[in-house]
Amino acid sequence: MLSKVAVIALDPVAAFELGVLCEVFGTDRSADGFPTYRFDVCSVDGKPVRSRSGFDVVPHADLTPTEDADLVAVPAYGDSGGFPEPVLEALRRAHQRGAYVLSVCSGAFVLGAAGLLDGRECTTHWKYADQLAARHPLARVRCDELYVQDGNLLTGAGTAAGIDACLHLVRQEHGSAIATKLARRMVVPPHRDGGQSQYIEAPIPRTPDAPTLEPVLGWLVSHLDQNLTVDELAARSHMAPRTFARRFRAETGTTPHDWLTNQRILLARRLLEETELGVEAVATRAGFGDAATLRHHFTRRVGTTPHAYRTLFRERV
């Protein structure tokens with residue numbers, strides 16, 4: 001279970017990306033039923049580091065907390081071309097003992113310098129993707145994705161995609177209910193699939209705030225068990241189907257089909273976690289129709305079968 005988090009701040013650290021990690025893992029919300037973490041911001045020597053915005057960040061410690069952390073994270077920072085060897089060694093040790101290692105944006109370059117990206121799938125901000133691939137030719141850089149998980153290695157693309165990567169890890173470790181509740185608390189989308197393109201009109205699509213589609217999206221979430229077509233949704237939105245499809249991508253960053261499938265997968269996960277319903281009943285409630293269709297989409301998007309997911313989740317809890 002994820003309980004110890006160490007964040008390595010390198011000079012000059014990016015304030016927003018550091019703040020994302022602090023917000024998700026470093027804020028005590030135990031009074032509201034959220035899990036708590038031993039959370040440490042670390043620097044090489046325990047001394048303050050400068051932020052890109054010009055103020056100093058005073059860390060909790062030197063690199064000592066990375067030695068037993070369940071998650072070691074590296075936020076973005078100005079790439080000077082040189083990386084402190086103690087940091088690279090700390091990342092290697094964390095990775096070798098099975099801890100999660102996560103980077104946000106250009107933090108991926110630090111993971112690359114530690115040799116952790118060789119032969120692994122990863123991502124970074126689209127602006128730096130070619131540079132990352134050139135510097136680390138053995139890495140399989142997926143330049144058009146929000147975040148990528150390869151084993152215990154997670155890499156997030158630019159800025160807000162770091163939130164998606166962190167919520168993905170929270171969902172994986174603590175379940176959909178906690179991740180969705182945390183997203184609601186942070187006023188961000190509860191789930192954006194890692195494979196969603198970085199190149200979207202709305203970099204932080206927020207379903208409740210979609211100016212045109214808010215009514216139909218709210219209705220959809222309450223009717224996921226129904227067999228719905230784009231033509232029917234367009235009619236409900238008083239739009240032509242092609243106009244609806246364009247507006248849907250502009251406001252959510254994905255297609256109606258992918259959005260619906262993701263929402264149905266989220267519902268299926270919650271039902272598997274929180275109820276004793278059989279897989280066939282879960283498939284019906286979530287709008288997949290039958291267990292075979294649920295298994296197909298669930299395995300493709302979650303990486304395991306519904307039955308195995310339920311077993312694994314309950315073992316973690």
# chains A, B, ... in the order shown; residues from 1 in each chain; ligands from 1
$ residues_around --residues "stretch 165-168 of chain A" --least-positions-apart "2" --cutoff "6 Å" --atoms "only C-alpha atoms" --output "list in words"
Tyr147, Gly156, Gly162, Ile163, Val170, Arg171 and Ala179 of chain A
$ write_last_selection --atoms "N, CA and C atoms" --output "mmCIF file, in the first residue's frame"
data_model
loop_
_atom_site.group_PDB
_atom_site.id
_atom_site.type_symbol
_atom_site.label_atom_id
_atom_site.label_comp_id
_atom_site.auth_asym_id
_atom_site.auth_seq_id
_atom_site.Cartn_x
_atom_site.Cartn_y
_atom_site.Cartn_z
ATOM 1 N N TYR A 147 0.043 10.476 -19.848
ATOM 2 C CA TYR A 147 0.937 9.806 -18.914
ATOM 3 C C TYR A 147 1.094 8.363 -19.350
ATOM 4 N N GLY A 156 4.665 11.537 -16.572
ATOM 5 C CA GLY A 156 3.554 12.388 -16.959
ATOM 6 C C GLY A 156 4.017 13.471 -17.912
ATOM 7 N N GLY A 162 0.396 15.983 -15.024
ATOM 8 C CA GLY A 162 0.934 15.441 -13.779
ATOM 9 C C GLY A 162 -0.172 15.109 -12.797
ATOM 10 N N ILE A 163 -1.238 15.895 -12.800
ATOM 11 C CA ILE A 163 -2.394 15.593 -11.947
ATOM 12 C C ILE A 163 -3.006 14.273 -12.370
ATOM 13 N N VAL A 170 -3.188 7.010 -7.504
ATOM 14 C CA VAL A 170 -4.103 6.937 -6.367
ATOM 15 C C VAL A 170 -5.212 5.930 -6.650
ATOM 16 N N ARG A 171 -5.765 5.959 -7.850
ATOM 17 C CA ARG A 171 -6.828 5.030 -8.222
ATOM 18 C C ARG A 171 -6.317 3.595 -8.183
ATOM 19 N N ALA A 179 -10.030 8.029 -5.571
ATOM 20 C CA ALA A 179 -9.491 8.876 -6.631
ATOM 21 C C ALA A 179 -10.537 9.868 -7.138
#
$ residues_around --residues "stretch 276-279 of chain A" --least-positions-apart "6" --cutoff "8 Å" --atoms "only C-alpha atoms" --output "PyMOL selection string"
chain A and resi 291+306-307
$ closest_residue --among "A:Gln226, A:Thr304, A:Asp70, A:Val57" --to "A:Glu173" --atoms "only C-alpha atoms"
A:Asp70
$ residues_around --residues "A:Ser106" --least-positions-apart "6" --cutoff "10 Å" --atoms "only C-alpha atoms" --output "NGL selection string"
:A and (14 or 17 or 74-79 or 123-125 or 127-129 or 132 or 155-159)
$ write_last_selection --atoms "N, CA and C atoms" --output "mmCIF file, in the first residue's frame"
data_model
loop_
_atom_site.group_PDB
_atom_site.id
_atom_site.type_symbol
_atom_site.label_atom_id
_atom_site.label_comp_id
_atom_site.auth_asym_id
_atom_site.auth_seq_id
_atom_site.Cartn_x
_atom_site.Cartn_y
_atom_site.Cartn_z
ATOM 1 N N ALA A 14 10.201 23.530 -10.805
ATOM 2 C CA ALA A 14 8.986 24.165 -11.327
ATOM 3 C C ALA A 14 7.922 24.150 -10.234
ATOM 4 N N GLU A 17 4.440 22.055 -10.886
ATOM 5 C CA GLU A 17 4.587 20.598 -10.875
ATOM 6 C C GLU A 17 4.920 20.097 -9.474
ATOM 7 N N VAL A 74 9.815 13.087 -9.183
ATOM 8 C CA VAL A 74 10.676 14.176 -9.634
ATOM 9 C C VAL A 74 9.831 15.147 -10.449
ATOM 10 N N PRO A 75 9.569 16.355 -9.934
ATOM 11 C CA PRO A 75 8.826 17.346 -10.720
ATOM 12 C C PRO A 75 9.716 17.971 -11.783
ATOM 13 N N ALA A 76 9.121 18.761 -12.645
ATOM 14 C CA ALA A 76 9.881 19.441 -13.694
ATOM 15 C C ALA A 76 10.857 20.440 -13.082
ATOM 16 N N TYR A 77 11.911 20.669 -13.817
ATOM 17 C CA TYR A 77 12.870 21.710 -13.415
ATOM 18 C C TYR A 77 13.690 22.077 -14.633
ATOM 19 N N GLY A 78 14.440 23.187 -14.548
ATOM 20 C CA GLY A 78 15.242 23.638 -15.675
ATOM 21 C C GLY A 78 16.350 22.653 -15.988
ATOM 22 N N ASP A 79 16.362 22.128 -17.194
ATOM 23 C CA ASP A 79 17.350 21.126 -17.579
ATOM 24 C C ASP A 79 18.687 21.800 -17.851
ATOM 25 N N THR A 123 6.837 9.153 -21.358
ATOM 26 C CA THR A 123 6.399 10.360 -22.042
ATOM 27 C C THR A 123 6.947 11.580 -21.318
ATOM 28 N N THR A 124 6.786 12.715 -21.943
ATOM 29 C CA THR A 124 7.100 14.006 -21.357
ATOM 30 C C THR A 124 6.289 15.043 -22.128
ATOM 31 N N HIS A 125 6.452 16.296 -21.807
ATOM 32 C CA HIS A 125 5.762 17.349 -22.545
ATOM 33 C C HIS A 125 6.131 17.256 -24.028
ATOM 34 N N LYS A 127 6.774 19.314 -26.148
ATOM 35 C CA LYS A 127 7.852 20.224 -26.545
ATOM 36 C C LYS A 127 9.224 19.589 -26.378
ATOM 37 N N TYR A 128 9.342 18.657 -25.418
ATOM 38 C CA TYR A 128 10.643 18.058 -25.103
ATOM 39 C C TYR A 128 10.757 16.618 -25.590
ATOM 40 N N ALA A 129 9.712 16.087 -26.231
ATOM 41 C CA ALA A 129 9.690 14.660 -26.566
ATOM 42 C C ALA A 129 10.835 14.270 -27.511
ATOM 43 N N LEU A 132 14.094 14.260 -25.599
ATOM 44 C CA LEU A 132 14.206 13.105 -24.710
ATOM 45 C C LEU A 132 14.557 11.856 -25.511
ATOM 46 N N THR A 155 5.509 8.211 -15.986
ATOM 47 C CA THR A 155 5.961 9.499 -16.505
ATOM 48 C C THR A 155 4.747 10.282 -16.984
ATOM 49 N N GLY A 156 4.665 11.537 -16.572
ATOM 50 C CA GLY A 156 3.554 12.388 -16.959
ATOM 51 C C GLY A 156 4.017 13.471 -17.912
ATOM 52 N N ALA A 157 3.119 13.888 -18.791
ATOM 53 C CA ALA A 157 3.444 14.956 -19.734
ATOM 54 C C ALA A 157 3.373 16.309 -19.008
ATOM 55 N N GLY A 158 3.232 17.373 -19.753
ATOM 56 C CA GLY A 158 3.377 18.702 -19.176
ATOM 57 C C GLY A 158 2.307 19.107 -18.187
ATOM 58 N N THR A 159 2.718 19.759 -17.149
ATOM 59 C CA THR A 159 1.896 20.504 -16.207
ATOM 60 C C THR A 159 0.689 19.715 -15.712
#
$ residues_around --residues "A:Asp62" --least-positions-apart "2" --cutoff "7 Å" --atoms "only C-alpha atoms" --output "list in words"
Cys42, Ser43, Val44, Asp45, Gly46 and Thr64 of chain A
$ select_by_dssp --residues "stretch 26-189 of chain A" --states "helix (DSSP H, G or I)" --output "PyMOL selection string"
chain A and resi 30-32+64-67+85-96+105-113+126-135+161-174+176-186
$ select_by_dssp --residues "stretch 47-252 of chain A" --states "strand (DSSP E or B)" --output "PyMOL selection string"
chain A and resi 49-51+56-57+61+71-74+77+100-104+121-122+140-141+147-150+153-156
$ closest_residue --among "A:His60, A:His223, A:Arg50, A:Lys4" --to "A:Arg38" --atoms "only C-alpha atoms"
A:Lys4
$ atom_distance --atom1 "atom CA of A:Phe288" --atom2 "atom CA of A:Leu213"
23.0 Å
$ closest_residue --among "A:Ala308, A:Ala113, A:Leu228, A:Val72" --to "A:Arg97" --atoms "only C-alpha atoms"
A:Val72
$ residues_around --residues "stretch 266-274 of chain A" --least-positions-apart "3" --cutoff "6 Å" --atoms "only C-alpha atoms" --output "number ranges by chain"
A: 176, 263, 286, 310
$ residues_around --residues "A:Pro137" --least-positions-apart "3" --cutoff "12 Å" --atoms "only C-alpha atoms" --output "JSON, numbers by chain"
{"A": [112, 113, 115, 117, 118, 119, 120, 121, 122, 129, 130, 131, 132, 133, 134, 140, 141]}
$ write_last_selection --atoms "all heavy atoms" --output "mmCIF file, in the first residue's frame"
data_model
loop_
_atom_site.group_PDB
_atom_site.id
_atom_site.type_symbol
_atom_site.label_atom_id
_atom_site.label_comp_id
_atom_site.auth_asym_id
_atom_site.auth_seq_id
_atom_site.Cartn_x
_atom_site.Cartn_y
_atom_site.Cartn_z
ATOM 1 N N GLY A 112 15.774 9.494 -17.115
ATOM 2 C CA GLY A 112 16.587 9.016 -18.225
ATOM 3 C C GLY A 112 18.062 8.992 -17.869
ATOM 4 O O GLY A 112 18.778 8.037 -18.192
ATOM 5 N N ALA A 113 18.539 10.034 -17.197
ATOM 6 C CA ALA A 113 19.948 10.094 -16.806
ATOM 7 C C ALA A 113 20.298 8.993 -15.819
ATOM 8 O O ALA A 113 21.446 8.540 -15.763
ATOM 9 C CB ALA A 113 20.260 11.458 -16.203
ATOM 10 N N GLY A 115 19.174 6.076 -16.090
ATOM 11 C CA GLY A 115 19.109 4.830 -16.846
ATOM 12 C C GLY A 115 17.802 4.089 -16.709
ATOM 13 O O GLY A 115 17.677 2.946 -17.169
ATOM 14 N N LEU A 117 14.881 4.789 -18.116
ATOM 15 C CA LEU A 117 14.011 4.802 -19.284
ATOM 16 C C LEU A 117 14.451 3.837 -20.378
ATOM 17 O O LEU A 117 13.702 3.609 -21.334
ATOM 18 C CB LEU A 117 13.932 6.220 -19.867
ATOM 19 C CG LEU A 117 13.414 7.323 -18.951
ATOM 20 C CD1 LEU A 117 13.284 8.634 -19.724
ATOM 21 C CD2 LEU A 117 12.077 6.943 -18.322
ATOM 22 N N ASP A 118 15.624 3.270 -20.262
ATOM 23 C CA ASP A 118 16.132 2.378 -21.303
ATOM 24 C C ASP A 118 15.232 1.160 -21.450
ATOM 25 O O ASP A 118 14.974 0.426 -20.488
ATOM 26 C CB ASP A 118 17.551 1.915 -20.966
ATOM 27 C CG ASP A 118 18.567 3.043 -21.070
ATOM 28 O OD1 ASP A 118 18.180 4.130 -21.532
ATOM 29 O OD2 ASP A 118 19.723 2.829 -20.666
ATOM 30 N N GLY A 119 14.711 0.974 -22.656
ATOM 31 C CA GLY A 119 13.833 -0.145 -22.939
ATOM 32 C C GLY A 119 12.440 -0.008 -22.365
ATOM 33 O O GLY A 119 11.650 -0.949 -22.412
ATOM 34 N N ARG A 120 12.108 1.169 -21.838
ATOM 35 C CA ARG A 120 10.809 1.372 -21.194
ATOM 36 C C ARG A 120 9.992 2.388 -21.986
ATOM 37 O O ARG A 120 10.530 3.287 -22.646
ATOM 38 C CB ARG A 120 10.979 1.893 -19.752
ATOM 39 C CG ARG A 120 11.946 1.115 -18.909
ATOM 40 C CD ARG A 120 11.501 -0.307 -18.657
ATOM 41 N NE ARG A 120 10.369 -0.367 -17.748
ATOM 42 C CZ ARG A 120 10.492 -0.409 -16.416
ATOM 43 N NH1 ARG A 120 11.686 -0.380 -15.848
ATOM 44 N NH2 ARG A 120 9.413 -0.500 -15.655
ATOM 45 N N GLU A 121 8.663 2.281 -21.869
ATOM 46 C CA GLU A 121 7.775 3.274 -22.462
ATOM 47 C C GLU A 121 7.653 4.455 -21.500
ATOM 48 O O GLU A 121 7.562 4.270 -20.284
ATOM 49 C CB GLU A 121 6.408 2.667 -22.742
ATOM 50 C CG GLU A 121 6.452 1.600 -23.824
ATOM 51 C CD GLU A 121 5.077 1.146 -24.254
ATOM 52 O OE1 GLU A 121 4.126 1.304 -23.455
ATOM 53 O OE2 GLU A 121 4.946 0.652 -25.392
ATOM 54 N N CYS A 122 7.625 5.668 -22.055
ATOM 55 C CA CYS A 122 7.598 6.866 -21.228
ATOM 56 C C CYS A 122 7.048 8.032 -22.036
ATOM 57 O O CYS A 122 6.842 7.933 -23.243
ATOM 58 C CB CYS A 122 9.006 7.205 -20.720
ATOM 59 S SG CYS A 122 10.202 7.496 -22.057
ATOM 60 N N ALA A 129 9.712 16.087 -26.231
ATOM 61 C CA ALA A 129 9.690 14.660 -26.566
ATOM 62 C C ALA A 129 10.835 14.270 -27.511
ATOM 63 O O ALA A 129 11.505 13.254 -27.299
ATOM 64 C CB ALA A 129 8.348 14.294 -27.186
ATOM 65 N N ASP A 130 11.067 15.069 -28.549
ATOM 66 C CA ASP A 130 12.145 14.738 -29.488
ATOM 67 C C ASP A 130 13.503 14.781 -28.799
ATOM 68 O O ASP A 130 14.371 13.934 -29.054
ATOM 69 C CB ASP A 130 12.122 15.706 -30.674
ATOM 70 C CG ASP A 130 10.939 15.470 -31.606
ATOM 71 O OD1 ASP A 130 10.327 14.396 -31.509
ATOM 72 O OD2 ASP A 130 10.633 16.371 -32.410
ATOM 73 N N GLN A 131 13.683 15.764 -27.930
ATOM 74 C CA GLN A 131 14.945 15.883 -27.202
ATOM 75 C C GLN A 131 15.161 14.690 -26.271
ATOM 76 O O GLN A 131 16.264 14.155 -26.179
ATOM 77 C CB GLN A 131 14.948 17.187 -26.395
ATOM 78 C CG GLN A 131 16.243 17.447 -25.637
ATOM 79 C CD GLN A 131 16.168 18.722 -24.811
ATOM 80 O OE1 GLN A 131 15.233 19.508 -24.934
ATOM 81 N NE2 GLN A 131 17.161 18.920 -23.956
ATOM 82 N N LEU A 132 14.094 14.260 -25.599
ATOM 83 C CA LEU A 132 14.206 13.105 -24.710
ATOM 84 C C LEU A 132 14.557 11.856 -25.511
ATOM 85 O O LEU A 132 15.417 11.059 -25.096
ATOM 86 C CB LEU A 132 12.893 12.898 -23.951
ATOM 87 C CG LEU A 132 12.886 11.772 -22.919
ATOM 88 C CD1 LEU A 132 13.808 12.095 -21.749
ATOM 89 C CD2 LEU A 132 11.458 11.523 -22.409
ATOM 90 N N ALA A 133 13.902 11.679 -26.666
ATOM 91 C CA ALA A 133 14.171 10.509 -27.503
ATOM 92 C C ALA A 133 15.595 10.526 -28.047
ATOM 93 O O ALA A 133 16.249 9.479 -28.128
ATOM 94 C CB ALA A 133 13.161 10.453 -28.646
ATOM 95 N N ALA A 134 16.089 11.712 -28.405
ATOM 96 C CA ALA A 134 17.450 11.817 -28.938
ATOM 97 C C ALA A 134 18.490 11.547 -27.858
ATOM 98 O O ALA A 134 19.510 10.903 -28.101
ATOM 99 C CB ALA A 134 17.663 13.206 -29.540
ATOM 100 N N ARG A 140 11.440 4.248 -25.183
ATOM 101 C CA ARG A 140 10.337 4.250 -26.144
ATOM 102 C C ARG A 140 9.414 5.423 -25.771
ATOM 103 O O ARG A 140 8.470 5.259 -24.976
ATOM 104 C CB ARG A 140 9.599 2.913 -26.128
ATOM 105 C CG ARG A 140 10.497 1.736 -26.462
ATOM 106 C CD ARG A 140 9.720 0.499 -26.862
ATOM 107 N NE ARG A 140 8.888 -0.020 -25.802
ATOM 108 C CZ ARG A 140 9.285 -0.878 -24.870
ATOM 109 N NH1 ARG A 140 10.547 -1.287 -24.861
ATOM 110 N NH2 ARG A 140 8.457 -1.322 -23.948
ATOM 111 N N VAL A 141 9.727 6.583 -26.329
ATOM 112 C CA VAL A 141 9.022 7.808 -25.967
ATOM 113 C C VAL A 141 7.697 7.882 -26.709
ATOM 114 O O VAL A 141 7.656 7.868 -27.939
ATOM 115 C CB VAL A 141 9.877 9.053 -26.290
ATOM 116 C CG1 VAL A 141 9.126 10.330 -25.877
ATOM 117 C CG2 VAL A 141 11.212 8.976 -25.566
#
